[in-house]
Amino acid sequence: MGLDVPAIEKALLIGKWNDVLTTASDAPVVKIAKNVDELLRLICAVACLHGFLQINWTGPDLDIKPLEVLALGPEISQLIDEDLLHQKAVAELAYGGEPAYHLAKYPIFLRLAHLLLDTPFQHVQSAPWWRLRAWRVHEQILDEPVAVPADVMAAVGPLLDSFAVEPDMAGRLLLEQGLLEHYVGHDKSAADYFVRAARATQLEYELTGALGKRTKFQQHDITQLVLLAESRTRRDGSDETPESDKGDAYGDGSTSSQATSAVTGGPSSPNPAIPETLALNDDTLLERTAFTSSSAAGTPGTRLSHLDPGSQPALHPLDQCILLALCLNVKNVSPAHGLTAEQMAPYIARVISHPRNWTVHTMALLLRARLEANRTRTVERSTLQLQALIDQMPTADSTLAERLLYIHTLVLPSRWEMERELALRFLSIGVVKSALEIFERLELWEEVVKCWQSMEQPDKGIAIVRDLLEGRKAEADTVLTRGKALSDTRKQVLDAAREAKLWCLLGDLEPEHALEHYTRAWETSKESSGRAMRSLGGYYFARGNYPDSITCLRRAVSINPLLSRSWFVLGCACVRQEDWEGARDAFVRCVTIDDEDGESWNNLASVYLRLGEAGKTAGNAAREAAGEDSEKRIPFSNKLLAFRALKQGLKYSYDNWRMWANYMIVAMEVGELSEACRALTRVVEERAAKDGAGCVDEDVLDKLVDAVTRGSGEASTVGGANNPEVAAGANATTGIARRVTDLFERTILPRVSSPRIFRARARLLTAQGRHEDALNAYLDAYRAGPAGTMERGETDAEKWREAVGDVEDIVDVLRNFGPRVDGFNWKLQARSIVRTFMGRTKDFEDEPEWARLTTLQEEIRKED
């Protein structure tokens with residue numbers, strides 16, 4: 001007797017069971033006696049994992065209990081009950097210092113799946129894939145994402161070449177790998193997996209524009225963002241669209257009941273129900289964008305140019321999952337503002353327009369509800385839709401096979417996470433009491449405490465945490481209303497990880513006893529609580545105890561290295577201790593986890609400038625690095641690393657003028673004068689209104705002008721001419737001249753001015769041969785200086801002496817430039833300047849410098 005084991009494995013993976021699993025003689029057949037153990041272990045693991053997903057994610061409730069599954073002897077069965085299994089499973093599912101959610105139903109099923117999948121498999125190829133799925137589910141029940149074992153991702157890579165060779169199988173595997181990377185915060189890696197998944201399934205998609213209307217009263221069509229997408233034709237007929245779905249079903253309330261799913265994973269009705277899709281019912285906005293049918297949406301020449309944006313064909317459910325993943329990626333790599341929501345909306349609309357699967361449509365509606373939560377016209381539907389999605393889970397409106405069919409290709413949150421999201425939505429719109437009721441039912445005590453604090457009753461929050469730690473009943477309303485301890489038999493048993501979390505929460509609520517509570521949390525967790533160490537590290541850092549802070553934070557990041565905030569505080573503590581190597585490593589980890597953290601990029605650049613400086617105190621690293629002494633100590637390679645770090649950070653902190661100022665100094669150091677010019681432009685734009693001329697770094701401005709006037713490019717300007725990296729990156733003199741000219745004419749002079757700025761511009765104009773403009777700039781500098789602004793009755797002798805020097809300088813300028821300007825009587829101008837200045841400052845006639853003015857006046861007369 002033989003079985004096609006690979007066929008069985010594929011049936012398990014894709015959720016489609018073929019009754020004819022025995023194959024022809026030429027198929028890879030193995031004897032049951034050889035592989036029955038591995039195959040049964042895999043099937044049991046899959047059953048346990050799907051049972052856990054059914055009761056906590058998709059619904060409906062299970063009709064079996066864990067003790068009915070486990071084959072226990074009579075003696076053991078008397079010692080073990082459901083509560084003990086639950087407590088042990090929750091405790092063992094804690095990982096990376098993060099506790100598992102204690103109210104997850106039947107966690108023993110997930111634990112059993114882990115245990116079975118961790119056993120060795122020699123013949124069953126898909127075991128690593130199922131282990132990947134189990135770990136992604138495991139991640140979702142922890143308080144914070146943690147790093148999964150390295151072999152989880154490594155083991156599934158070879159499957160693309162040996163097992164998952166079919167397009168849809170390969171697409172599934174790549175998509176699921178990307179979703180795990182997405183969940184732990186590796187956004188770039190996740191984006192790569194999502195794109196590869198789309199290529200594997202041959203999904204064609206294009207984000208483009210098409211004419212259409214979004215409001216009921218819009219008279220003219222304007223360009224609207226739309227996603228054109230088309231699935232490849234499947235040979236198995238799974239891409240066939242039901243008659244009721246061939247139109248333009250959008251799920252707007254009127255058509256959602258007619259939409260059907262053509263792809264199911266087992267026995268199901270021909271027209272399975274889909275989640276309730278609420279209509280917007282707004283007096284202005286349309287239910288959906290109404291595109292002009294005749295408009296050319298696609299880019300001419302592309303494969304999708306034939307699609308009508310208002311009536312696109314239905315997509316395969318797997319391709320819909322890929323589009324939703326790409327939608328999540330838009331959010332990951334973009335800032336949090338309205339434009340990001342506008343980019344995400346077309347992906348969701350494309351999926352919602354043709355409901356094909358219960359779970360996929362649920363995820364699409366959830367994402368739409370999240371996008372609509374911040375708009376006044378849609379916030380009501382957003383909240384009601386979220387409530388409807390939660391209410392549908394216990395129902396049996398669709399088959400279990402359909403609900404589980406694509407559960408692994410989505411990031412659908414668990415039931416308690418969706419309820420928590422609803423409570424947070426209530427909290428954001430001020431419905432605090434309803435939010436509090438949900439949080440208390442879910443026993444999310446941290447959120448419960450926040451609700452009481454928002455209602456200005458923090459004492460009740462503290463009382464709840466203390467009741468929990470003292471072992472009383474978990475329901476906070478019972479404890480608060482009755483105000484009495486419960487019997488020992490009804491006391492709640494807390495696992496170590498959860499108890500440590502409560503001690504940390506109590507430390508946050510009682511700052512005067514924070515150290516005691518955090519230490520107790522660390523001891524309670526048997527030195528495994530990452531949150532306890534993070535709290536202790538923050539406690540010591542806030543009080544200036546940096547050595548202890550570093551010790552605690554190093555332990556915290558060793559427990560859970562995925563939290564960038566812990567690395568950031570560790571880096572700051574190392575900076576305070578002048579541990580530049582440690583600070584560099586910490587900030588590198590910060591930007592590795594979140595490459596959009598502009599502050600970490602800025603700090604990393606400062607640390608690079610410190611490396612190589614022995615015993616130098618903290619301060620403005622970028623400014624000090626410009627000095628001659630520090631140039632000798634800081635390697636050029638470090639300056640270049642600092643420049644690159646600041647350049648990357650400014651992509652995400654464009655309005656941070658301090659970063660631009662640092663970038664400007666470092667750019668001068670490495671010979672990137674064009675970037676220094678750009679940075680000075682940004683600083684002036686940001687600070688001119690507040691700081692006036694003080695926003696202009698005149699030293700940098702003079703160096704930029706020198707780069708033009710000397711005519712030798714960047715490399716000869718900044719002391720790096722002998723370095724090949726500087727010489728290779730230097731801009732041509734003409735390019736610098738154009739940038740510096742624009743800097744003066746478009747940025748600086750329309751906003752601020754000073755004598756030094758005018759003199760720098762005059763030198764630039766002189767180098768360009770514009771002598772008349774240069775002379776006018778020098779005269780502007782004189783008028784803005786001490787001599788030009790000195791009033792009659794001035795008594796400051798030092799200021800007057802400085803002004804005398806300015807008069808002498810402007811007369812010399814007039815002698816040099818006057819003859820070069822046609823029709824300009826420079827001698828008359830010079831006499832007028834000297835005579836006017838002497839007339840306003842007669843009070844200083846007794847000063848020795850007065851003789852210099854008299855001599856200057858005589859020299860001008862003689863030149864006539």
# chains A, B, ... in the order shown; residues from 1 in each chain; ligands from 1
call {"tool": "residues_around", "arguments": {"residues": "stretch 681-690 of chain A", "least_positions_apart": "5", "cutoff": "7 Å", "atoms": "only C-alpha atoms", "output": "number ranges by chain"}}
result
A: 657, 660-661, 695-696, 743, 747-748, 751-752
call {"tool": "write_last_selection", "arguments": {"atoms": "all heavy atoms", "output": "PDB file, in the first residue's frame"}}
result
ATOM      1  N   TRP A 657      16.192  71.614  11.625  1.00  0.00           N
ATOM      2  CA  TRP A 657      17.248  72.534  11.207  1.00  0.00           C
ATOM      3  C   TRP A 657      18.583  72.234  11.880  1.00  0.00           C
ATOM      4  O   TRP A 657      19.653  72.510  11.312  1.00  0.00           O
ATOM      5  CB  TRP A 657      16.830  73.978  11.483  1.00  0.00           C
ATOM      6  CG  TRP A 657      16.726  74.344  12.939  1.00  0.00           C
ATOM      7  CD1 TRP A 657      15.620  74.244  13.725  1.00  0.00           C
ATOM      8  CD2 TRP A 657      17.767  74.863  13.765  1.00  0.00           C
ATOM      9  NE1 TRP A 657      15.897  74.668  14.990  1.00  0.00           N
ATOM     10  CE2 TRP A 657      17.212  75.060  15.054  1.00  0.00           C
ATOM     11  CE3 TRP A 657      19.101  75.190  13.550  1.00  0.00           C
ATOM     12  CZ2 TRP A 657      17.954  75.563  16.105  1.00  0.00           C
ATOM     13  CZ3 TRP A 657      19.847  75.696  14.607  1.00  0.00           C
ATOM     14  CH2 TRP A 657      19.270  75.874  15.864  1.00  0.00           C
ATOM     15  N   TRP A 660      20.268  69.767   9.759  1.00  0.00           N
ATOM     16  CA  TRP A 660      20.778  70.426   8.557  1.00  0.00           C
ATOM     17  C   TRP A 660      22.053  71.205   8.879  1.00  0.00           C
ATOM     18  O   TRP A 660      22.989  71.247   8.056  1.00  0.00           O
ATOM     19  CB  TRP A 660      19.720  71.359   7.974  1.00  0.00           C
ATOM     20  CG  TRP A 660      18.653  70.669   7.198  1.00  0.00           C
ATOM     21  CD1 TRP A 660      17.353  70.484   7.556  1.00  0.00           C
ATOM     22  CD2 TRP A 660      18.799  70.057   5.906  1.00  0.00           C
ATOM     23  NE1 TRP A 660      16.677  69.791   6.590  1.00  0.00           N
ATOM     24  CE2 TRP A 660      17.527  69.516   5.562  1.00  0.00           C
ATOM     25  CE3 TRP A 660      19.862  69.898   5.020  1.00  0.00           C
ATOM     26  CZ2 TRP A 660      17.314  68.856   4.365  1.00  0.00           C
ATOM     27  CZ3 TRP A 660      19.640  69.226   3.826  1.00  0.00           C
ATOM     28  CH2 TRP A 660      18.390  68.716   3.506  1.00  0.00           C
ATOM     29  N   ALA A 661      22.115  71.840  10.047  1.00  0.00           N
ATOM     30  CA  ALA A 661      23.327  72.582  10.423  1.00  0.00           C
ATOM     31  C   ALA A 661      24.510  71.635  10.577  1.00  0.00           C
ATOM     32  O   ALA A 661      25.624  71.920  10.111  1.00  0.00           O
ATOM     33  CB  ALA A 661      23.074  73.355  11.720  1.00  0.00           C
ATOM     34  N   CYS A 695      20.991  83.185  11.504  1.00  0.00           N
ATOM     35  CA  CYS A 695      20.770  81.834  10.991  1.00  0.00           C
ATOM     36  C   CYS A 695      21.780  81.454   9.924  1.00  0.00           C
ATOM     37  O   CYS A 695      21.896  80.284   9.560  1.00  0.00           O
ATOM     38  CB  CYS A 695      19.357  81.702  10.441  1.00  0.00           C
ATOM     39  SG  CYS A 695      19.058  82.655   8.938  1.00  0.00           S
ATOM     40  N   VAL A 696      22.507  82.440   9.398  1.00  0.00           N
ATOM     41  CA  VAL A 696      23.488  82.178   8.333  1.00  0.00           C
ATOM     42  C   VAL A 696      24.839  81.897   8.960  1.00  0.00           C
ATOM     43  O   VAL A 696      25.364  82.717   9.722  1.00  0.00           O
ATOM     44  CB  VAL A 696      23.585  83.368   7.362  1.00  0.00           C
ATOM     45  CG1 VAL A 696      24.611  83.074   6.268  1.00  0.00           C
ATOM     46  CG2 VAL A 696      22.231  83.679   6.762  1.00  0.00           C
ATOM     47  N   LEU A 743      21.889  80.575  -3.912  1.00  0.00           N
ATOM     48  CA  LEU A 743      21.806  80.684  -2.456  1.00  0.00           C
ATOM     49  C   LEU A 743      21.662  82.139  -2.032  1.00  0.00           C
ATOM     50  O   LEU A 743      20.837  82.469  -1.165  1.00  0.00           O
ATOM     51  CB  LEU A 743      23.049  80.052  -1.823  1.00  0.00           C
ATOM     52  CG  LEU A 743      23.203  80.171  -0.302  1.00  0.00           C
ATOM     53  CD1 LEU A 743      22.077  79.426   0.410  1.00  0.00           C
ATOM     54  CD2 LEU A 743      24.557  79.642   0.145  1.00  0.00           C
ATOM     55  N   THR A 747      17.596  82.708  -1.615  1.00  0.00           N
ATOM     56  CA  THR A 747      17.368  82.258  -0.243  1.00  0.00           C
ATOM     57  C   THR A 747      17.772  83.292   0.793  1.00  0.00           C
ATOM     58  O   THR A 747      16.957  83.715   1.612  1.00  0.00           O
ATOM     59  CB  THR A 747      18.144  80.944   0.021  1.00  0.00           C
ATOM     60  OG1 THR A 747      17.762  79.973  -0.947  1.00  0.00           O
ATOM     61  CG2 THR A 747      17.841  80.420   1.419  1.00  0.00           C
ATOM     62  N   ILE A 748      19.032  83.718   0.764  1.00  0.00           N
ATOM     63  CA  ILE A 748      19.541  84.550   1.868  1.00  0.00           C
ATOM     64  C   ILE A 748      19.061  85.989   1.768  1.00  0.00           C
ATOM     65  O   ILE A 748      18.382  86.500   2.678  1.00  0.00           O
ATOM     66  CB  ILE A 748      21.086  84.488   1.911  1.00  0.00           C
ATOM     67  CG1 ILE A 748      21.552  83.067   2.203  1.00  0.00           C
ATOM     68  CG2 ILE A 748      21.622  85.446   2.968  1.00  0.00           C
ATOM     69  CD1 ILE A 748      23.058  82.900   2.231  1.00  0.00           C
ATOM     70  N   ARG A 751      15.618  87.251   2.569  1.00  0.00           N
ATOM     71  CA  ARG A 751      15.182  87.060   3.951  1.00  0.00           C
ATOM     72  C   ARG A 751      16.014  87.850   4.952  1.00  0.00           C
ATOM     73  O   ARG A 751      15.458  88.481   5.859  1.00  0.00           O
ATOM     74  CB  ARG A 751      15.241  85.560   4.315  1.00  0.00           C
ATOM     75  CG  ARG A 751      14.237  84.688   3.581  1.00  0.00           C
ATOM     76  CD  ARG A 751      14.444  83.223   3.922  1.00  0.00           C
ATOM     77  NE  ARG A 751      13.389  82.364   3.378  1.00  0.00           N
ATOM     78  CZ  ARG A 751      13.404  81.867   2.162  1.00  0.00           C
ATOM     79  NH1 ARG A 751      14.430  82.143   1.338  1.00  0.00           N
ATOM     80  NH2 ARG A 751      12.410  81.107   1.721  1.00  0.00           N
ATOM     81  N   VAL A 752      17.339  87.784   4.851  1.00  0.00           N
ATOM     82  CA  VAL A 752      18.214  88.413   5.860  1.00  0.00           C
ATOM     83  C   VAL A 752      19.395  89.067   5.158  1.00  0.00           C
ATOM     84  O   VAL A 752      19.655  88.822   3.974  1.00  0.00           O
ATOM     85  CB  VAL A 752      18.737  87.363   6.874  1.00  0.00           C
ATOM     86  CG1 VAL A 752      17.607  86.764   7.674  1.00  0.00           C
ATOM     87  CG2 VAL A 752      19.536  86.271   6.167  1.00  0.00           C
TER      88      VAL A 752
END
call {"tool": "closest_residue", "arguments": {"among": "A:Leu103, A:Cys572, A:Ala229, A:Ala191", "to": "A:Trp416", "atoms": "only C-alpha atoms"}}
result
A:Leu103
call {"tool": "residues_around", "arguments": {"residues": "stretch 585-593 of chain A", "least_positions_apart": "6", "cutoff": "9 Å", "atoms": "only C-alpha atoms", "output": "list in words"}}
result
Gly185, His186, Asp187, Pro561, Leu562, Leu563, Ser564, Arg565, Ser566, Trp567, Phe568, Val569, Leu570, Gly571, Cys572, Cys574, Ser600, Trp601, Asn603, Leu604 and Val607 of chain A
call {"tool": "write_last_selection", "arguments": {"atoms": "N, CA and C atoms", "output": "CSV table (one decimal), in the first residue's frame"}}
result
chain,number,residue,atom,x,y,z
A,185,GLY,N,9.1,43.8,12.0
A,185,GLY,CA,9.6,45.2,11.8
A,185,GLY,C,10.7,45.2,10.7
A,186,HIS,N,11.0,44.2,10.0
A,186,HIS,CA,12.0,44.2,8.9
A,186,HIS,C,11.3,44.6,7.6
A,187,ASP,N,11.0,45.9,7.5
A,187,ASP,CA,10.1,46.4,6.4
A,187,ASP,C,10.7,46.2,5.0
A,561,PRO,N,16.0,42.0,21.1
A,561,PRO,CA,16.7,43.0,20.4
A,561,PRO,C,15.9,43.7,19.3
A,562,LEU,N,14.6,43.6,19.3
A,562,LEU,CA,13.8,44.2,18.2
A,562,LEU,C,13.2,45.5,18.6
A,563,LEU,N,13.4,46.0,19.8
A,563,LEU,CA,12.8,47.2,20.3
A,563,LEU,C,13.8,48.4,20.1
A,564,SER,N,13.6,49.2,19.1
A,564,SER,CA,14.6,50.3,18.8
A,564,SER,C,14.7,51.3,19.9
A,565,ARG,N,13.7,51.5,20.7
A,565,ARG,CA,13.8,52.5,21.7
A,565,ARG,C,14.8,52.1,22.8
A,566,SER,N,14.9,50.8,23.1
A,566,SER,CA,15.9,50.4,24.1
A,566,SER,C,17.3,50.6,23.6
A,567,TRP,N,17.5,50.3,22.3
A,567,TRP,CA,18.8,50.6,21.7
A,567,TRP,C,19.1,52.1,21.7
A,568,PHE,N,18.1,52.9,21.5
A,568,PHE,CA,18.3,54.4,21.4
A,568,PHE,C,18.8,54.9,22.8
A,569,VAL,N,18.0,54.5,23.8
A,569,VAL,CA,18.4,55.0,25.2
A,569,VAL,C,19.8,54.4,25.6
A,570,LEU,N,20.1,53.2,25.2
A,570,LEU,CA,21.4,52.6,25.4
A,570,LEU,C,22.5,53.5,24.8
A,571,GLY,N,22.2,53.8,23.5
A,571,GLY,CA,23.2,54.7,22.8
A,571,GLY,C,23.4,56.0,23.5
A,572,CYS,N,22.3,56.6,23.9
A,572,CYS,CA,22.4,57.9,24.6
A,572,CYS,C,23.2,57.8,25.9
A,574,CYS,N,25.5,55.5,26.5
A,574,CYS,CA,26.9,55.4,26.2
A,574,CYS,C,27.6,56.7,25.8
A,600,SER,N,18.1,59.0,15.4
A,600,SER,CA,19.2,58.0,15.5
A,600,SER,C,20.3,58.2,14.5
A,601,TRP,N,19.9,58.5,13.3
A,601,TRP,CA,20.9,58.8,12.2
A,601,TRP,C,21.8,60.0,12.7
A,603,ASN,N,22.4,61.1,15.7
A,603,ASN,CA,23.3,60.7,16.8
A,603,ASN,C,24.4,59.8,16.3
A,604,LEU,N,24.1,58.9,15.4
A,604,LEU,CA,25.2,58.0,14.9
A,604,LEU,C,26.2,58.9,14.2
A,607,VAL,N,28.4,60.4,16.8
A,607,VAL,CA,29.4,59.4,17.4
A,607,VAL,C,30.5,59.1,16.4
call {"tool": "atom_distance", "arguments": {"atom1": "atom CA of A:Glu470", "atom2": "atom CA of A:Ala500"}}
result
13.0 Å
call {"tool": "residues_around", "arguments": {"residues": "A:Leu371", "least_positions_apart": "3", "cutoff": "12 Å", "atoms": "only C-alpha atoms", "output": "PyMOL selection string"}}
result
chain A and resi 327-328+331+336-349+364-368+374-379+381-383+385-386
call {"tool": "write_last_selection", "arguments": {"atoms": "N, CA, C and O atoms", "output": "short mmCIF file (atom, residue, chain, number, x, y, z; two decimals), in the first residue's frame"}}
result
data_model
loop_
_atom_site.label_atom_id
_atom_site.label_comp_id
_atom_site.auth_asym_id
_atom_site.auth_seq_id
_atom_site.Cartn_x
_atom_site.Cartn_y
_atom_site.Cartn_z
N CYS A 327 -0.18 46.74 0.31
CA CYS A 327 -0.82 47.89 0.95
C CYS A 327 -0.18 48.15 2.31
O CYS A 327 0.12 49.29 2.66
N LEU A 328 0.05 47.09 3.09
CA LEU A 328 0.72 47.24 4.37
C LEU A 328 2.12 47.80 4.19
O LEU A 328 2.60 48.60 4.99
N LYS A 331 2.32 51.53 4.00
CA LYS A 331 2.29 52.15 5.31
C LYS A 331 3.64 52.05 6.00
O LYS A 331 4.08 52.97 6.68
N ALA A 336 3.53 58.91 8.30
CA ALA A 336 2.13 58.81 8.73
C ALA A 336 1.42 60.12 8.43
O ALA A 336 1.38 61.03 9.24
N HIS A 337 0.90 60.26 7.22
CA HIS A 337 0.10 61.43 6.88
C HIS A 337 -0.95 61.04 5.85
O HIS A 337 -1.02 59.89 5.42
N GLY A 338 -1.74 62.00 5.45
CA GLY A 338 -2.87 61.71 4.58
C GLY A 338 -2.49 61.11 3.25
O GLY A 338 -3.23 60.31 2.68
N LEU A 339 -1.33 61.48 2.72
CA LEU A 339 -0.92 60.95 1.43
C LEU A 339 -0.74 59.45 1.49
O LEU A 339 -1.05 58.72 0.54
N THR A 340 -0.22 58.96 2.62
CA THR A 340 -0.04 57.52 2.77
C THR A 340 -1.40 56.80 2.72
O THR A 340 -1.54 55.76 2.08
N ALA A 341 -2.39 57.34 3.40
CA ALA A 341 -3.73 56.75 3.36
C ALA A 341 -4.29 56.75 1.94
O ALA A 341 -4.94 55.78 1.51
N GLU A 342 -4.03 57.82 1.19
CA GLU A 342 -4.51 57.88 -0.19
C GLU A 342 -3.82 56.82 -1.06
O GLU A 342 -4.43 56.29 -1.99
N GLN A 343 -2.57 56.52 -0.76
CA GLN A 343 -1.86 55.48 -1.52
C GLN A 343 -2.36 54.09 -1.16
O GLN A 343 -2.40 53.19 -2.01
N MET A 344 -2.75 53.88 0.10
CA MET A 344 -3.20 52.56 0.53
C MET A 344 -4.62 52.26 0.04
O MET A 344 -4.95 51.11 -0.25
N ALA A 345 -5.45 53.29 -0.04
CA ALA A 345 -6.87 53.09 -0.36
C ALA A 345 -7.10 52.34 -1.67
O ALA A 345 -7.98 51.46 -1.74
N PRO A 346 -6.37 52.63 -2.77
CA PRO A 346 -6.64 51.89 -4.02
C PRO A 346 -6.40 50.39 -3.90
O PRO A 346 -7.12 49.59 -4.53
N TYR A 347 -5.40 49.97 -3.13
CA TYR A 347 -5.16 48.54 -2.94
C TYR A 347 -6.37 47.88 -2.27
O TYR A 347 -6.81 46.80 -2.67
N ILE A 348 -6.88 48.54 -1.22
CA ILE A 348 -7.99 47.98 -0.49
C ILE A 348 -9.26 47.97 -1.35
O ILE A 348 -10.02 47.00 -1.37
N ALA A 349 -9.48 49.06 -2.08
CA ALA A 349 -10.67 49.15 -2.92
C ALA A 349 -10.66 48.07 -4.00
O ALA A 349 -11.71 47.51 -4.34
N ALA A 364 -9.62 42.95 4.32
CA ALA A 364 -9.76 44.17 3.51
C ALA A 364 -10.66 45.19 4.20
O ALA A 364 -10.37 46.38 4.24
N LEU A 365 -11.77 44.71 4.76
CA LEU A 365 -12.68 45.62 5.48
C LEU A 365 -12.01 46.20 6.72
O LEU A 365 -12.22 47.37 7.07
N LEU A 366 -11.20 45.40 7.40
CA LEU A 366 -10.49 45.89 8.58
C LEU A 366 -9.50 46.99 8.20
O LEU A 366 -9.43 48.02 8.88
N LEU A 367 -8.76 46.80 7.12
CA LEU A 367 -7.81 47.82 6.68
C LEU A 367 -8.54 49.10 6.27
O LEU A 367 -8.08 50.20 6.56
N ARG A 368 -9.68 48.94 5.60
CA ARG A 368 -10.45 50.13 5.23
C ARG A 368 -10.95 50.85 6.47
O ARG A 368 -10.94 52.09 6.54
N ASN A 374 -9.74 58.27 10.80
CA ASN A 374 -9.29 59.63 11.07
C ASN A 374 -10.00 60.68 10.22
O ASN A 374 -9.58 61.83 10.19
N ARG A 375 -11.07 60.29 9.54
CA ARG A 375 -11.82 61.24 8.73
C ARG A 375 -13.22 61.40 9.33
O ARG A 375 -13.88 60.42 9.66
N THR A 376 -13.65 62.63 9.45
CA THR A 376 -14.92 62.90 10.12
C THR A 376 -16.10 62.27 9.38
O THR A 376 -17.07 61.84 10.01
N ARG A 377 -16.04 62.21 8.07
CA ARG A 377 -17.17 61.68 7.30
C ARG A 377 -17.21 60.15 7.29
O ARG A 377 -18.21 59.56 6.90
N THR A 378 -16.14 59.53 7.68
CA THR A 378 -16.08 58.07 7.61
C THR A 378 -15.83 57.40 8.96
O THR A 378 -15.84 56.18 9.04
N VAL A 379 -15.59 58.19 10.01
CA VAL A 379 -15.23 57.59 11.29
C VAL A 379 -16.39 56.75 11.85
O VAL A 379 -16.15 55.72 12.51
N ARG A 381 -18.67 54.93 10.10
CA ARG A 381 -18.66 53.62 9.44
C ARG A 381 -17.45 52.80 9.90
O ARG A 381 -17.54 51.59 10.06
N SER A 382 -16.32 53.46 10.12
CA SER A 382 -15.12 52.76 10.55
C SER A 382 -15.36 52.01 11.85
O SER A 382 -15.04 50.82 11.98
N THR A 383 -15.97 52.69 12.83
CA THR A 383 -16.21 52.07 14.12
C THR A 383 -17.26 50.97 14.04
O THR A 383 -17.10 49.88 14.60
N GLN A 385 -18.10 49.26 11.37
CA GLN A 385 -17.58 48.13 10.60
C GLN A 385 -16.69 47.23 11.46
O GLN A 385 -16.76 46.00 11.37
N LEU A 386 -15.88 47.86 12.28
CA LEU A 386 -15.02 47.08 13.17
C LEU A 386 -15.85 46.26 14.14
O LEU A 386 -15.56 45.09 14.41
#
call {"tool": "closest_residue", "arguments": {"among": "A:Leu404, A:Ala679, A:Val360, A:Leu160", "to": "A:Asn56", "atoms": "only C-alpha atoms"}}
result
A:Leu404
